[in-house]
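Novice: File follows, upload-v2.csv with CSV, C-alpha atoms:
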```csv
chain,number,residue,atom,x,y,z
J,50,MET,CA,48.1,-47.8,187.8
J,51,ASN,CA,47.7,-46.4,191.3
J,52,GLU,CA,50.1,-43.6,190.5
J,53,ALA,CA,48.1,-42.6,187.4
J,54,LEU,CA,44.9,-42.6,189.4
J,55,THR,CA,46.6,-40.4,192.0
J,56,LEU,CA,47.7,-37.9,189.4
J,57,LEU,CA,44.2,-37.8,188.0
J,58,SER,CA,42.5,-37.5,191.3
J,59,PHE,CA,40.8,-34.3,192.6
J,60,GLY,CA,42.3,-32.3,195.4
J,61,ASP,CA,45.9,-31.3,196.3
J,62,ALA,CA,47.3,-34.7,195.3
J,63,GLY,CA,46.1,-34.8,191.7
J,64,TRP,CA,45.3,-32.7,188.7
J,65,GLY,CA,41.6,-33.6,188.3
J,66,ASP,CA,40.4,-30.1,189.4
J,67,GLU,CA,42.6,-28.4,186.8
J,68,ILE,CA,41.6,-30.8,184.0
J,69,ALA,CA,37.9,-30.4,184.9
J,70,HIS,CA,38.3,-26.6,184.8
J,71,GLY,CA,40.0,-26.9,181.4
J,72,VAL,CA,37.0,-28.9,180.1
J,73,LEU,CA,34.6,-26.3,181.4
J,74,ILE,CA,36.5,-23.5,179.7
J,75,THR,CA,36.7,-25.5,176.4
J,76,VAL,CA,33.0,-26.2,176.4
J,77,SER,CA,32.0,-22.7,177.5
J,78,LEU,CA,34.1,-21.1,174.7
J,79,ALA,CA,32.6,-23.3,172.1
J,80,ILE,CA,29.0,-22.7,173.3
J,81,CYS,CA,29.6,-18.9,173.5
J,82,THR,CA,31.1,-18.8,170.1
J,83,LEU,CA,28.3,-20.8,168.4
J,84,PRO,CA,25.4,-18.3,168.5
J,85,LEU,CA,27.7,-15.4,167.4
J,86,GLY,CA,29.1,-17.5,164.5
J,87,LEU,CA,25.6,-18.6,163.5
J,88,ALA,CA,24.2,-15.1,163.5
J,89,LEU,CA,27.1,-13.7,161.5
J,90,GLY,CA,26.9,-16.6,159.1
J,91,PHE,CA,23.2,-16.1,158.6
J,92,VAL,CA,23.7,-12.4,157.9
J,93,LEU,CA,26.5,-13.2,155.5
J,94,ALA,CA,24.2,-15.6,153.6
J,95,LEU,CA,21.5,-13.0,153.3
J,96,ALA,CA,24.1,-10.6,151.9
J,97,LYS,CA,25.4,-13.1,149.4
J,98,LYS,CA,21.9,-13.7,148.0
J,99,SER,CA,21.1,-10.0,148.1
J,100,GLU,CA,20.3,-8.1,144.9
J,101,ASP,CA,22.8,-5.4,145.9
J,102,PRO,CA,26.1,-6.2,144.3
J,103,SER,CA,28.1,-4.2,146.9
J,104,LEU,CA,26.6,-6.4,149.7
J,105,ARG,CA,27.4,-9.6,147.7
J,106,LEU,CA,31.0,-8.4,147.1
J,107,ALA,CA,31.6,-7.4,150.7
J,108,ALA,CA,30.3,-10.8,152.0
J,109,ASN,CA,32.4,-12.7,149.4
J,110,ILE,CA,35.5,-10.8,150.4
J,111,TYR,CA,34.8,-11.5,154.1
J,112,THR,CA,34.4,-15.3,153.5
J,113,THR,CA,37.4,-15.4,151.2
J,114,ILE,CA,39.6,-13.8,153.9
J,115,PHE,CA,38.6,-15.9,156.9
J,116,ARG,CA,38.4,-19.1,155.0
J,117,GLY,CA,41.8,-18.5,153.6
J,118,LEU,CA,43.6,-17.5,156.8
J,119,PRO,CA,44.7,-20.2,159.2
J,120,GLU,CA,42.6,-20.1,162.4
J,121,LEU,CA,45.7,-19.6,164.5
J,122,LEU,CA,46.7,-16.5,162.5
J,123,THR,CA,43.2,-15.1,162.8
J,124,LEU,CA,43.5,-15.5,166.6
J,125,PHE,CA,46.8,-13.7,166.7
J,126,LEU,CA,45.3,-10.8,164.5
J,127,VAL,CA,42.4,-10.5,166.8
J,128,TYR,CA,44.2,-10.9,170.1
J,129,PHE,CA,47.2,-8.7,169.4
J,130,GLY,CA,45.7,-6.4,166.7
J,131,VAL,CA,42.8,-5.3,168.8
J,132,GLN,CA,45.2,-4.4,171.7
J,133,ILE,CA,47.4,-2.4,169.4
J,134,ALA,CA,44.4,-0.6,167.9
J,135,ILE,CA,43.0,0.3,171.3
J,136,GLN,CA,46.3,1.6,172.5
J,137,GLN,CA,46.8,3.7,169.3
J,138,VAL,CA,43.3,5.2,169.8
J,139,LEU,CA,44.1,6.0,173.4
J,140,LYS,CA,47.3,7.7,172.4
J,141,LEU,CA,45.5,9.9,169.9
J,142,ILE,CA,43.2,11.2,172.7
J,143,GLY,CA,46.2,11.7,175.0
J,144,VAL,CA,45.8,8.7,177.3
J,145,ASP,CA,48.9,6.6,177.9
J,146,ALA,CA,47.7,3.2,179.1
J,147,TYR,CA,48.3,-0.5,178.5
J,148,ILE,CA,45.2,-2.4,177.5
J,149,GLU,CA,45.1,-6.2,177.4
J,150,VAL,CA,42.3,-8.0,175.6
J,151,ASN,CA,40.7,-10.9,177.5
J,152,SER,CA,41.9,-14.1,175.9
J,153,PHE,CA,38.4,-15.7,176.2
J,154,VAL,CA,36.8,-12.9,174.3
J,155,ALA,CA,39.5,-12.7,171.7
J,156,GLY,CA,39.2,-16.5,171.2
J,157,MET,CA,35.4,-16.2,170.9
J,158,VAL,CA,35.6,-13.5,168.3
J,159,ALA,CA,38.4,-15.1,166.3
J,160,LEU,CA,36.6,-18.5,166.2
J,161,ALA,CA,33.3,-16.8,165.4
J,162,LEU,CA,34.8,-15.0,162.4
J,163,VAL,CA,36.1,-18.3,161.0
J,164,PHE,CA,33.0,-20.3,161.9
J,165,SER,CA,30.7,-17.6,160.3
J,166,SER,CA,32.6,-17.7,157.0
J,167,TYR,CA,31.9,-21.4,156.6
J,168,ALA,CA,28.4,-21.3,158.1
J,169,SER,CA,27.4,-18.7,155.5
J,170,GLU,CA,28.0,-21.2,152.8
J,171,ALA,CA,25.9,-23.8,154.6
J,172,PHE,CA,23.1,-21.3,154.9
J,173,LEU,CA,23.5,-20.2,151.3
J,174,SER,CA,23.2,-23.8,150.1
J,175,ALA,CA,20.2,-24.3,152.2
J,176,PHE,CA,18.6,-21.2,150.8
J,177,ARG,CA,19.1,-22.5,147.3
J,178,GLY,CA,17.5,-25.8,148.3
J,179,ILE,CA,14.2,-24.0,149.1
J,180,PRO,CA,11.9,-23.7,146.1
J,181,GLN,CA,10.7,-20.2,145.1
J,182,GLY,CA,7.2,-21.6,145.4
J,183,GLN,CA,7.6,-21.7,149.2
J,184,TYR,CA,8.0,-17.9,149.2
J,185,GLU,CA,5.2,-17.4,146.8
J,186,GLY,CA,2.9,-19.6,148.9
J,187,GLY,CA,3.6,-17.6,152.0
J,188,TYR,CA,2.9,-14.3,150.1
J,189,SER,CA,-0.4,-15.8,148.7
J,190,LEU,CA,-1.5,-16.5,152.3
J,191,GLY,CA,-1.1,-12.8,153.0
J,192,LEU,CA,2.1,-13.2,155.1
J,193,SER,CA,4.6,-10.3,155.0
J,194,HIS,CA,8.1,-10.9,153.9
J,195,GLY,CA,9.3,-11.1,157.5
J,196,LYS,CA,6.6,-13.6,158.5
J,197,THR,CA,7.2,-15.7,155.4
J,198,MET,CA,10.9,-15.9,156.3
J,199,ARG,CA,10.2,-16.8,159.9
J,200,LEU,CA,7.3,-19.2,159.5
J,201,VAL,CA,7.9,-20.8,156.1
J,202,VAL,CA,11.5,-20.4,155.1
J,203,LEU,CA,13.5,-20.5,158.4
J,204,PRO,CA,12.2,-24.0,159.6
J,205,GLN,CA,13.2,-25.5,156.2
J,206,LEU,CA,16.4,-23.6,156.2
J,207,ILE,CA,17.5,-25.0,159.6
J,208,ARG,CA,16.6,-28.6,158.5
J,209,LEU,CA,18.6,-28.3,155.3
J,210,ALA,CA,21.6,-26.6,156.8
J,211,LEU,CA,21.8,-28.7,160.0
J,212,PRO,CA,24.1,-31.5,158.7
J,213,ALA,CA,26.7,-29.0,157.5
J,214,LEU,CA,26.4,-26.9,160.7
J,215,GLY,CA,26.8,-30.0,162.8
J,216,ASN,CA,30.1,-30.7,161.2
J,217,LEU,CA,31.2,-27.1,161.7
J,218,TRP,CA,30.3,-27.4,165.4
J,219,LEU,CA,32.6,-30.4,165.8
J,220,ILE,CA,35.4,-28.5,164.0
J,221,LEU,CA,34.7,-25.5,166.3
J,222,LEU,CA,34.9,-27.8,169.4
J,223,LYS,CA,38.4,-28.9,168.3
J,224,ASP,CA,39.6,-25.5,167.3
J,225,THR,CA,39.1,-24.2,170.8
J,226,SER,CA,42.4,-25.9,171.6
J,227,LEU,CA,44.2,-23.2,169.7
J,228,ILE,CA,43.2,-20.6,172.3
J,229,SER,CA,45.7,-22.1,174.7
J,230,VAL,CA,48.5,-20.2,172.9
J,231,VAL,CA,47.2,-16.9,174.2
J,232,GLY,CA,47.1,-18.0,177.8
J,233,LEU,CA,43.5,-19.3,178.2
J,234,SER,CA,43.4,-22.2,180.7
J,235,ASP,CA,41.5,-24.6,178.5
J,236,LEU,CA,41.8,-28.4,178.4
J,237,ILE,CA,45.0,-28.4,176.2
J,238,ARG,CA,46.8,-25.8,178.3
J,239,GLN,CA,45.9,-27.5,181.6
J,240,SER,CA,47.0,-30.9,180.2
J,241,GLY,CA,50.3,-29.4,179.1
J,242,ILE,CA,51.0,-27.8,182.5
J,243,ALA,CA,50.2,-31.1,184.2
J,244,ALA,CA,52.4,-33.0,181.7
J,245,ARG,CA,55.4,-30.7,182.3
J,246,VAL,CA,55.1,-30.7,186.1
J,247,THR,CA,54.6,-34.5,186.5
J,248,LYS,CA,56.8,-35.6,183.5
J,249,GLU,CA,53.8,-37.7,182.3
J,250,PRO,CA,52.9,-36.3,178.9
J,251,PHE,CA,51.4,-39.5,177.5
J,252,LEU,CA,49.0,-39.8,180.5
J,253,PHE,CA,47.6,-36.2,180.4
J,254,PHE,CA,47.5,-35.8,176.7
J,255,GLY,CA,46.0,-39.2,176.4
J,256,ILE,CA,43.3,-38.1,178.8
J,257,ALA,CA,42.8,-34.9,176.8
J,258,CYS,CA,42.3,-37.1,173.6
J,259,LEU,CA,39.7,-39.2,175.4
J,260,ILE,CA,37.8,-36.1,176.7
J,261,TYR,CA,37.7,-34.6,173.2
J,262,LEU,CA,36.4,-37.9,171.8
J,263,VAL,CA,33.7,-38.0,174.5
J,264,LEU,CA,32.7,-34.5,173.8
J,265,ALA,CA,32.5,-35.3,170.1
J,266,MET,CA,30.4,-38.4,170.7
J,267,ILE,CA,28.0,-36.4,173.0
J,268,SER,CA,27.7,-33.7,170.3
J,269,SER,CA,27.0,-36.3,167.6
J,270,ILE,CA,24.2,-37.8,169.7
J,271,GLY,CA,22.8,-34.4,170.4
J,272,LEU,CA,23.0,-33.4,166.7
J,273,SER,CA,21.3,-36.6,165.6
J,274,ARG,CA,18.4,-35.9,168.0
J,275,ILE,CA,18.1,-32.3,166.8
J,276,GLU,CA,18.1,-33.5,163.2
J,277,ASN,CA,15.4,-36.1,163.9
J,278,TRP,CA,13.4,-33.4,165.7
J,279,SER,CA,13.7,-31.0,162.7
J,280,LYS,CA,12.3,-33.8,160.5
J,281,ARG,CA,9.3,-34.5,162.7
J,282,GLY,CA,6.9,-32.9,160.3
J,283,GLU,CA,8.0,-34.9,157.2
J,284,THR,CA,5.6,-37.5,155.9
J,285,GLU,CA,7.0,-41.0,156.0
J,286,ARG,CA,7.3,-42.6,152.6
```
If you took the structure in this file and wrote it as structure tokens, what would it be?

Specialist:
Amino acid sequence: MNEALTLLSFGDAGWGDEIAHGVLITVSLAICTLPLGLALGFVLALAKKSEDPSLRLAANIYTTIFRGLPELLTLFLVYFGVQIAIQQVLKLIGVDAYIEVNSFVAGMVALALVFSSYASEAFLSAFRGIPQGQYEGGYSLGLSHGKTMRLVVLPQLIRLALPALGNLWLILLKDTSLISVVGLSDLIRQSGIAARVTKEPFLFFGIACLIYLVLAMISSIGLSRIENWSKRGETER
């Protein structure tokens, strides 16, 4: 027991600093990915409900691709594909240089692409749950289309989509572990390094499991409070 506490301690004697840094990277990656994924998902949902068939087709192709590809493969395509594309462009303009894509940015983009493809379906279902009379009511009050969307539709949209988006957030939090394969020092990578050096894989991977569970529980509590806040205007029956 004392040996385990020593290995988990902070400072030169233990791996607590490295594990804490890995947790920070994991949470930072998930938080940075979330707004990008939500914005892309919302735009995709608008495209899917658009009257323009080309927009609907493009959005459906996008979601089909990124819902069909494994997340790890999407990460590899973004991380290595972007590097190759940049180097080819540089060669065309006569510049011979090696460009390496930042693993954090590559992970954020790859996870946002996958997250947005699922979030678009959550937003689209929420749009379908809002009666057409809500739009007509906003127009009858003299509100423009933009104000009707912002003041009437968007609050209801968030409330309806929130349960599905909450589940997607928990999935996103776990999918950040995939980024360790491209060298990002997240929780899984730091735990793996500690396990190899100390020959204590059960200890460090067990700690990683507990940390992910704690993050999931904190997220669930936060999501429940946000959901209750979104329903504050509903009349109790």

Novice: When distances are computed from all atoms listed in the file, which of J:Leu83, J:Ile260, J:Val92, J:Leu272 shows the smallest separation from J:Pro212?

Specialist: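 Selected residue with least distance to J:Pro212: J:Leu272.
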
Novice: Compile a residue-level contact table for stretch 147-264 of chain J against stretch 52-74 of chain J at a cut-off of 12 Å, reporting for every qualifying residue the shortest atom pair and its distance in Å to one decimal, with all atoms listed in the file counted, rows ordered by chain and ascending number, as a tab-separated table.

Specialist:
```
residue	atom	partner	partner_atom	distance
J:Ser152	CA	J:Ile74	CA	11.5
J:Phe153	CA	J:Ile74	CA	8.8
J:Val154	CA	J:Ile74	CA	11.9
J:Gly156	CA	J:Ile74	CA	11.3
J:Met157	CA	J:Ile74	CA	11.5
J:Leu222	CA	J:Val72	CA	11.0
J:Lys223	CA	J:Val72	CA	11.9
J:Thr225	CA	J:Ile74	CA	9.3
J:Ser226	CA	J:Gly71	CA	10.1
J:Ile228	CA	J:Ile74	CA	10.4
J:Ser229	CA	J:Gly71	CA	10.0
J:Gly232	CA	J:Gly71	CA	11.9
J:Leu233	CA	J:Ile74	CA	8.3
J:Ser234	CA	J:Gly71	CA	5.8
J:Asp235	CA	J:Gly71	CA	4.0
J:Leu236	CA	J:Gly71	CA	3.8
J:Ile237	CA	J:Gly71	CA	7.4
J:Arg238	CA	J:Gly71	CA	7.6
J:Gln239	CA	J:Ile68	CA	5.9
J:Ser240	CA	J:Ile68	CA	6.6
J:Gly241	CA	J:Ile68	CA	10.1
J:Ile242	CA	J:Glu67	CA	9.5
J:Ala243	CA	J:Trp64	CA	6.8
J:Ala244	CA	J:Trp64	CA	10.0
J:Val246	CA	J:Trp64	CA	10.3
J:Thr247	CA	J:Leu56	CA	8.2
J:Lys248	CA	J:Leu56	CA	11.1
J:Glu249	CA	J:Ala53	CA	9.1
J:Pro250	CA	J:Ala53	CA	11.6
J:Phe251	CA	J:Ala53	CA	10.9
J:Leu252	CA	J:Ala53	CA	7.5
J:Phe253	CA	J:Leu57	CA	8.5
J:Phe254	CA	J:Ile68	CA	10.6
J:Gly255	CA	J:Ala53	CA	11.7
J:Ile256	CA	J:Ile68	CA	9.1
J:Ala257	CA	J:Ile68	CA	8.4
J:Cys258	CA	J:Val72	CA	11.7
J:Leu259	CA	J:Val72	CA	11.6
J:Ile260	CA	J:Val72	CA	8.0
J:Tyr261	CA	J:Val72	CA	9.0
J:Val263	CA	J:Val72	CA	11.2
J:Leu264	CA	J:Val72	CA	9.5
```

Novice: Record the distance separating atom CA of J:Gln137 and atom CA of J:Leu162, expressed in Å with one decimal.

Specialist: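 Computed distance, atom CA of J:Gln137 to atom CA of J:Leu162, equals 23.3 Å.
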
Novice: Nearest to J:Val158 among J:Ser99, J:Thr113, J:Thr82, J:Ser268, with distances taken over all atoms listed in the file: which residue is it?

Specialist: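 Comparing J:Ser99, J:Thr113, J:Thr82, J:Ser268 against J:Val158, the winner is J:Thr82.
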
Novice: Just give me the gap between atom CA of J:Ile80 and atom CA of J:Ala161 in Å, one decimal is fine.

Specialist: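 Atom CA of J:Ala161 lies at a distance of 10.8 Å from atom CA of J:Ile80.
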
Novice: Quick one: pull the distance between atom CA of J:Ala210 and atom CA of J:Leu124, Å, one decimal.

Specialist: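 About the pair atom CA of J:Ala210 and atom CA of J:Leu124: they are 26.4 Å apart.
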
Novice: Which residue, J:Val201, J:Leu95, J:Val230, J:Ala168, has the smallest gap to J:Asn216 when you use only C-alpha atoms?

Specialist: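 Selected residue with least distance to J:Asn216: J:Ala168.
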